[in-house]
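Novice: Handing over coords_16.cif, mmCIF, C-alpha atoms.
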data_data
loop_
_atom_site.label_atom_id
_atom_site.label_comp_id
_atom_site.auth_asym_id
_atom_site.auth_seq_id
_atom_site.Cartn_x
_atom_site.Cartn_y
_atom_site.Cartn_z
CA MET T 3 16.34 -3.08 -31.67
CA LEU T 4 16.82 -3.78 -27.97
CA VAL T 5 14.32 -4.00 -25.12
CA SER T 6 15.97 -0.94 -23.53
CA GLN T 7 15.00 1.12 -26.58
CA ILE T 8 11.40 -0.05 -26.30
CA LEU T 9 11.31 0.80 -22.58
CA LYS T 10 12.49 4.36 -23.32
CA THR T 11 9.28 4.96 -25.25
CA LYS T 12 7.17 3.99 -22.24
CA ALA T 13 6.45 6.05 -19.14
CA LEU T 14 7.90 4.78 -15.86
CA HIS T 15 4.41 4.55 -14.40
CA ASP T 16 3.74 1.64 -16.79
CA ILE T 17 4.95 -0.80 -14.12
CA ILE T 18 1.83 -1.74 -12.20
CA THR T 19 2.31 -4.20 -9.36
CA VAL T 20 -0.04 -5.77 -6.86
CA SER T 21 0.61 -7.77 -3.72
CA PRO T 22 0.00 -11.54 -3.80
CA THR T 23 -2.77 -10.99 -1.23
CA THR T 24 -4.65 -8.47 -3.39
CA LEU T 25 -8.09 -9.77 -4.25
CA VAL T 26 -8.67 -10.80 -7.86
CA SER T 27 -11.59 -8.34 -8.00
CA GLU T 28 -9.22 -5.50 -6.99
CA ALA T 29 -6.70 -6.57 -9.63
CA ALA T 30 -9.46 -6.68 -12.24
CA LYS T 31 -10.48 -3.13 -11.30
CA ILE T 32 -6.86 -1.96 -11.69
CA LEU T 33 -6.66 -3.61 -15.12
CA SER T 34 -9.90 -1.92 -16.14
CA ASP T 35 -9.08 1.51 -14.68
CA LYS T 36 -5.56 1.61 -16.14
CA ARG T 37 -6.67 0.02 -19.44
CA ILE T 38 -3.88 -2.54 -19.26
CA GLY T 39 -3.79 -6.29 -19.81
CA THR T 40 -1.62 -7.48 -16.95
CA VAL T 41 -0.22 -6.69 -13.54
CA VAL T 42 3.00 -7.96 -12.04
CA VAL T 43 2.56 -9.62 -8.67
CA SER T 44 5.26 -8.54 -6.23
CA ARG T 45 5.66 -8.81 -2.48
CA ASP T 46 8.04 -5.85 -2.35
CA GLY T 47 7.40 -3.86 -5.55
CA THR T 48 10.84 -4.63 -6.98
CA ASN T 49 10.87 -8.40 -7.47
CA ALA T 50 8.50 -10.18 -9.83
CA ASP T 51 6.83 -13.06 -7.97
CA GLY T 52 4.21 -13.68 -10.62
CA ILE T 53 2.02 -12.15 -13.28
CA LEU T 54 -1.75 -11.94 -13.62
CA SER T 55 -3.49 -11.17 -16.90
CA GLU T 56 -7.02 -10.50 -18.02
CA ARG T 57 -6.96 -13.92 -19.66
CA ASP T 58 -6.06 -15.59 -16.37
CA ILE T 59 -9.06 -14.00 -14.70
CA VAL T 60 -11.49 -14.83 -17.51
CA ARG T 61 -10.32 -18.46 -17.66
CA GLU T 62 -10.78 -18.85 -13.93
CA ILE T 63 -14.24 -17.28 -13.96
CA GLY T 64 -15.14 -19.71 -16.73
CA ALA T 65 -13.79 -22.69 -14.78
CA ARG T 66 -14.84 -21.85 -11.21
CA GLY T 67 -17.35 -19.04 -11.51
CA ALA T 68 -17.34 -15.48 -10.22
CA GLY T 69 -16.47 -16.65 -6.69
CA CYS T 70 -12.80 -16.65 -7.72
CA LEU T 71 -12.95 -12.83 -7.65
CA THR T 72 -12.84 -13.01 -3.85
CA HIS T 73 -9.59 -15.02 -3.86
CA PRO T 74 -6.10 -13.53 -3.63
CA VAL T 75 -4.23 -13.08 -6.91
CA GLU T 76 -1.58 -15.56 -5.76
CA SER T 77 -4.18 -18.30 -6.32
CA LEU T 78 -4.41 -17.41 -10.05
CA MET T 79 -1.09 -15.83 -10.96
CA THR T 80 1.45 -17.42 -13.25
CA THR T 81 4.57 -18.12 -11.19
CA LYS T 82 6.81 -19.57 -13.90
CA LEU T 83 7.68 -16.24 -15.41
CA VAL T 84 9.28 -15.81 -18.77
CA THR T 85 11.31 -12.62 -18.53
CA CYS T 86 13.80 -10.65 -20.54
CA GLY T 87 16.56 -8.15 -19.90
CA SER T 88 17.14 -4.66 -21.27
CA ASP T 89 19.88 -5.93 -23.57
CA ASP T 90 17.71 -8.61 -25.18
CA ALA T 91 16.84 -8.18 -28.85
CA ALA T 92 13.24 -7.37 -29.70
CA ASP T 93 13.18 -10.24 -32.21
CA ALA T 94 14.06 -12.76 -29.48
CA VAL T 95 11.39 -11.35 -27.17
CA LEU T 96 8.82 -11.45 -29.95
CA GLN T 97 9.69 -15.09 -30.60
CA LYS T 98 9.35 -15.99 -26.89
CA MET T 99 5.97 -14.29 -26.68
CA THR T 100 4.74 -15.95 -29.85
CA ASP T 101 5.96 -19.40 -28.83
CA GLY T 102 4.57 -19.06 -25.29
CA ARG T 103 1.29 -17.52 -26.50
CA PHE T 104 1.40 -14.62 -24.03
CA ARG T 105 1.31 -10.87 -24.51
CA HIS T 106 3.27 -9.37 -21.62
CA MET T 107 6.81 -9.89 -20.37
CA PRO T 108 8.49 -8.47 -17.26
CA VAL T 109 11.87 -6.89 -17.87
CA LEU T 110 14.41 -7.64 -15.14
CA GLU T 111 17.86 -6.24 -14.42
CA LYS T 112 19.89 -8.08 -11.78
CA GLY T 113 16.66 -9.78 -10.68
CA LYS T 114 14.82 -6.49 -10.16
CA LEU T 115 11.75 -5.41 -12.12
CA VAL T 116 12.51 -2.45 -14.39
CA GLY T 117 9.56 -2.61 -16.76
CA VAL T 118 6.96 -4.61 -18.59
CA ILE T 119 6.72 -4.82 -22.35
CA SER T 120 3.74 -6.00 -24.32
CA LEU T 121 3.47 -7.73 -27.64
CA GLY T 122 2.02 -4.48 -28.95
CA ASP T 123 5.07 -2.54 -27.73
CA VAL T 124 7.40 -4.91 -29.59
CA VAL T 125 5.33 -4.89 -32.78
CA LYS T 126 5.15 -1.08 -32.70
CA ALA T 127 8.93 -0.86 -32.26
CA LYS T 128 9.53 -3.32 -35.10
CA LEU T 129 7.22 -1.34 -37.40
CA MET T 130 9.08 1.88 -36.57
CA GLU T 131 12.38 0.12 -37.27
CA LEU T 132 11.10 -1.13 -40.63
CA ALA T 133 9.85 2.35 -41.54
CA MET T 134 13.28 3.85 -40.77
CA GLU T 135 15.00 1.17 -42.87
CA LYS T 136 12.56 1.81 -45.73
CA ASN T 137 13.21 5.55 -45.59
CA ALA T 138 16.99 4.99 -45.54
CA LEU T 139 16.81 2.68 -48.54
CA GLU T 140 14.60 5.12 -50.46
CA GLY T 141 17.07 7.87 -49.64
CA MET T 142 19.97 5.80 -50.96
CA ILE T 143 18.07 4.96 -54.15
CA MET T 144 17.18 8.61 -54.72
CA GLY T 145 20.78 9.64 -54.02
CA HIS T 146 20.15 11.57 -50.81
#
Step by step, read the file and then write its structure as structure tokens.

Specialist:
Amino acid sequence: MLVSQILKTKALHDIITVSPTTLVSEAAKILSDKRIGTVVVSRDGTNADGILSERDIVREIGARGAGCLTHPVESLMTTKLVTCGSDDAADAVLQKMTDGRFRHMPVLEKGKLVGVISLGDVVKAKLMELAMEKNALEGMIMGH
């Protein structure tokens, strides 16, 4: 299964970006309101400059206190992005996420942001793939 197949199951509005100057408190509200775990930080809405997750915010509150909520997201965001492309295999993406211990990955095409996939998206796709394989094998065994 490819990343492009996973993206087809997601609505286009799943790409939530914020400006680097957005306050952390505003980003936290977006995460809460949209019930998502991460936002992509982008100066122009098409390039991924960084990523900010719930975990990033919680870690910073734990380290510096609630005052960090008044800082811009660029002060907390991860700038060394691990990304994938639409033609990448889901297994490779799953391995990168597991090895890097993160749950969200921007999808880029020619350097432009085209989506974000989560660990849950990949696991769901893999489970669907396994179910289809199981059904095909059962069909072959039963002679269908």

Novice: Could you check how far atom CA of Ile63 of chain T sits from atom CA of Ala29 of chain T, in Å to one decimal?

Specialist: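 Result for atom CA of Ile63 of chain T versus atom CA of Ala29 of chain T: 13.8 Å, one decimal.
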
Novice: Where does the PyMOL selection byres ((chain T and resi 24-28) around 12) land in this file, that is, which residues does it pick, as a ChimeraX atom specification?

Specialist: /T:19-23,29-35,40-45,54-56,58-60,62-63,68-79

Novice: Nearest to Lys12 of chain T: which of T:Ala133, T:Leu115, T:Val84, T:Val124 is it, counting all atoms listed in the file?

Specialist: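 The shortest atom-to-atom distance to Lys12 of chain T comes from T:Val124.
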
Novice: Within 10 Å of Met107 of chain T, counting all atoms listed in the file, which residues qualify if same-chain residues fewer than 3 places away don't, as a PDB file with C-alpha atoms, in the frame of the given file?

Specialist:
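Result file selection.pdb:
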ATOM      1  CA  THR T  40      -1.620  -7.480 -16.950  1.00  0.00           C
ATOM      2  CA  VAL T  42       3.000  -7.960 -12.040  1.00  0.00           C
ATOM      3  CA  ILE T  53       2.020 -12.150 -13.280  1.00  0.00           C
ATOM      4  CA  LEU T  83       7.680 -16.240 -15.410  1.00  0.00           C
ATOM      5  CA  VAL T  84       9.280 -15.810 -18.770  1.00  0.00           C
ATOM      6  CA  THR T  85      11.310 -12.620 -18.530  1.00  0.00           C
ATOM      7  CA  CYS T  86      13.800 -10.650 -20.540  1.00  0.00           C
ATOM      8  CA  GLY T  87      16.560  -8.150 -19.900  1.00  0.00           C
ATOM      9  CA  VAL T  95      11.390 -11.350 -27.170  1.00  0.00           C
ATOM     10  CA  LEU T  96       8.820 -11.450 -29.950  1.00  0.00           C
ATOM     11  CA  LYS T  98       9.350 -15.990 -26.890  1.00  0.00           C
ATOM     12  CA  MET T  99       5.970 -14.290 -26.680  1.00  0.00           C
ATOM     13  CA  PHE T 104       1.400 -14.620 -24.030  1.00  0.00           C
ATOM     14  CA  LEU T 110      14.410  -7.640 -15.140  1.00  0.00           C
ATOM     15  CA  GLY T 117       9.560  -2.610 -16.760  1.00  0.00           C
ATOM     16  CA  VAL T 118       6.960  -4.610 -18.590  1.00  0.00           C
ATOM     17  CA  ILE T 119       6.720  -4.820 -22.350  1.00  0.00           C
ATOM     18  CA  SER T 120       3.740  -6.000 -24.320  1.00  0.00           C
ATOM     19  CA  LEU T 121       3.470  -7.730 -27.640  1.00  0.00           C
TER      20      LEU T 121
END

Novice: Which value, in Å to one decimal, gives the distance between atom CA of Ile8 of chain T and atom CA of Asp51 of chain T?

Specialist: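 We find that atom CA of Ile8 of chain T and atom CA of Asp51 of chain T lie 22.9 Å from each other.
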
Novice: Just say which residues the PyMOL selection byres ((chain T and resi 88) around 10) picks in this file, as number ranges by chain.

Specialist: T: 4-9, 86-87, 89-92, 109-111, 116-117

Novice: Find the residue from T:Gly102, T:Lys114, T:Thr80, T:Gly122 that sits nearest to Ile38 of chain T; use all atoms listed in the file when measuring.

Specialist: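 Result for the nearest residue to Ile38 of chain T: T:Gly122.
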
Novice: Quick check, in Å to one decimal: how far apart do atom CA of Gly113 of chain T and atom CA of Asp93 of chain T lie?

Specialist: 21.8 Å

Novice: When you count all atoms listed in the file, which of these residues is closest to Ala94 of chain T: T:Met3, T:Arg66, T:Ile18, T:Leu132?

Specialist: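 Nearest candidate to Ala94 of chain T out of T:Met3, T:Arg66, T:Ile18, T:Leu132: T:Met3.
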
Novice: Nearest residue to Gly52 of chain T out of T:His106, T:Gly64, T:Lys136, T:Gln97, using all atoms listed in the file?

Specialist: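 Comparing T:His106, T:Gly64, T:Lys136, T:Gln97 against Gly52 of chain T, the winner is T:His106.
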